[in-house]
Amino acid sequence: MLEGLYNDSYSLTRFIIQRGVGLSYLIAFLVALNQFKPLVGENGLYPVRRFINRIPFKKSPSIFYWKYSDSFSQSSPGAALFCHFWPFLDFLIWARSGFRC
């Protein structure tokens with residue numbers, strides 16, 4: 001019954017660690033999607049424009065030097081969420097196959 005868990009390839013361990021990292025990224029980007037605008041939005045606690053004007057690009061490279069708006073700040077974590085969704089889609093496919101490695 002548990003023969004697949006003790007093989008030499010460590011595929012199950014690798015699979016669980018990769019999905020765990022993907023889950024932590026998913027949670028982080030959900031939090032960023034929810035809190036980014038109130039914290040660093042145009043009317044936030046520490047607006048990005050103020051940061052960009054004080055810190056040079058070489059000290060802190062960011063995509064927001066190129067373009068910044070509140071809608072862009074919402075789409076950045078949204079795009080990251082979309083990219084990090086795929087490991088969970090892979091999990092669903094693996095679960096449907098009967099958890100065979």
# chains A, B, ... in the order shown; residues from 1 in each chain; ligands from 1
>>> residues_around(residues="A:Tyr68", least_positions_apart="2", cutoff="12 Å", atoms="only C-alpha atoms", output="list of chain:residue names")
A:Lys37, A:Val40, A:Gly41, A:Glu42, A:Pro47, A:Val48, A:Arg49, A:Arg50, A:Phe51, A:Ile52, A:Ser62, A:Ile63, A:Phe64, A:Tyr65, A:Trp66, A:Asp70, A:Ser71, A:Phe72, A:Ser73, A:Gln74, A:Ser75, A:Ser76
>>> residues_around(residues="A:Phe82", least_positions_apart="2", cutoff="12 Å", atoms="only C-alpha atoms", output="count of residues only")
18
>>> select_by_dssp(residues="chain A", states="alpha helix (DSSP H)", output="count of residues only")
63
>>> closest_residue(among="A:Ser60, A:Lys67, A:Asp90, A:Ala95", to="A:Gln18", atoms="only C-alpha atoms")
A:Asp90
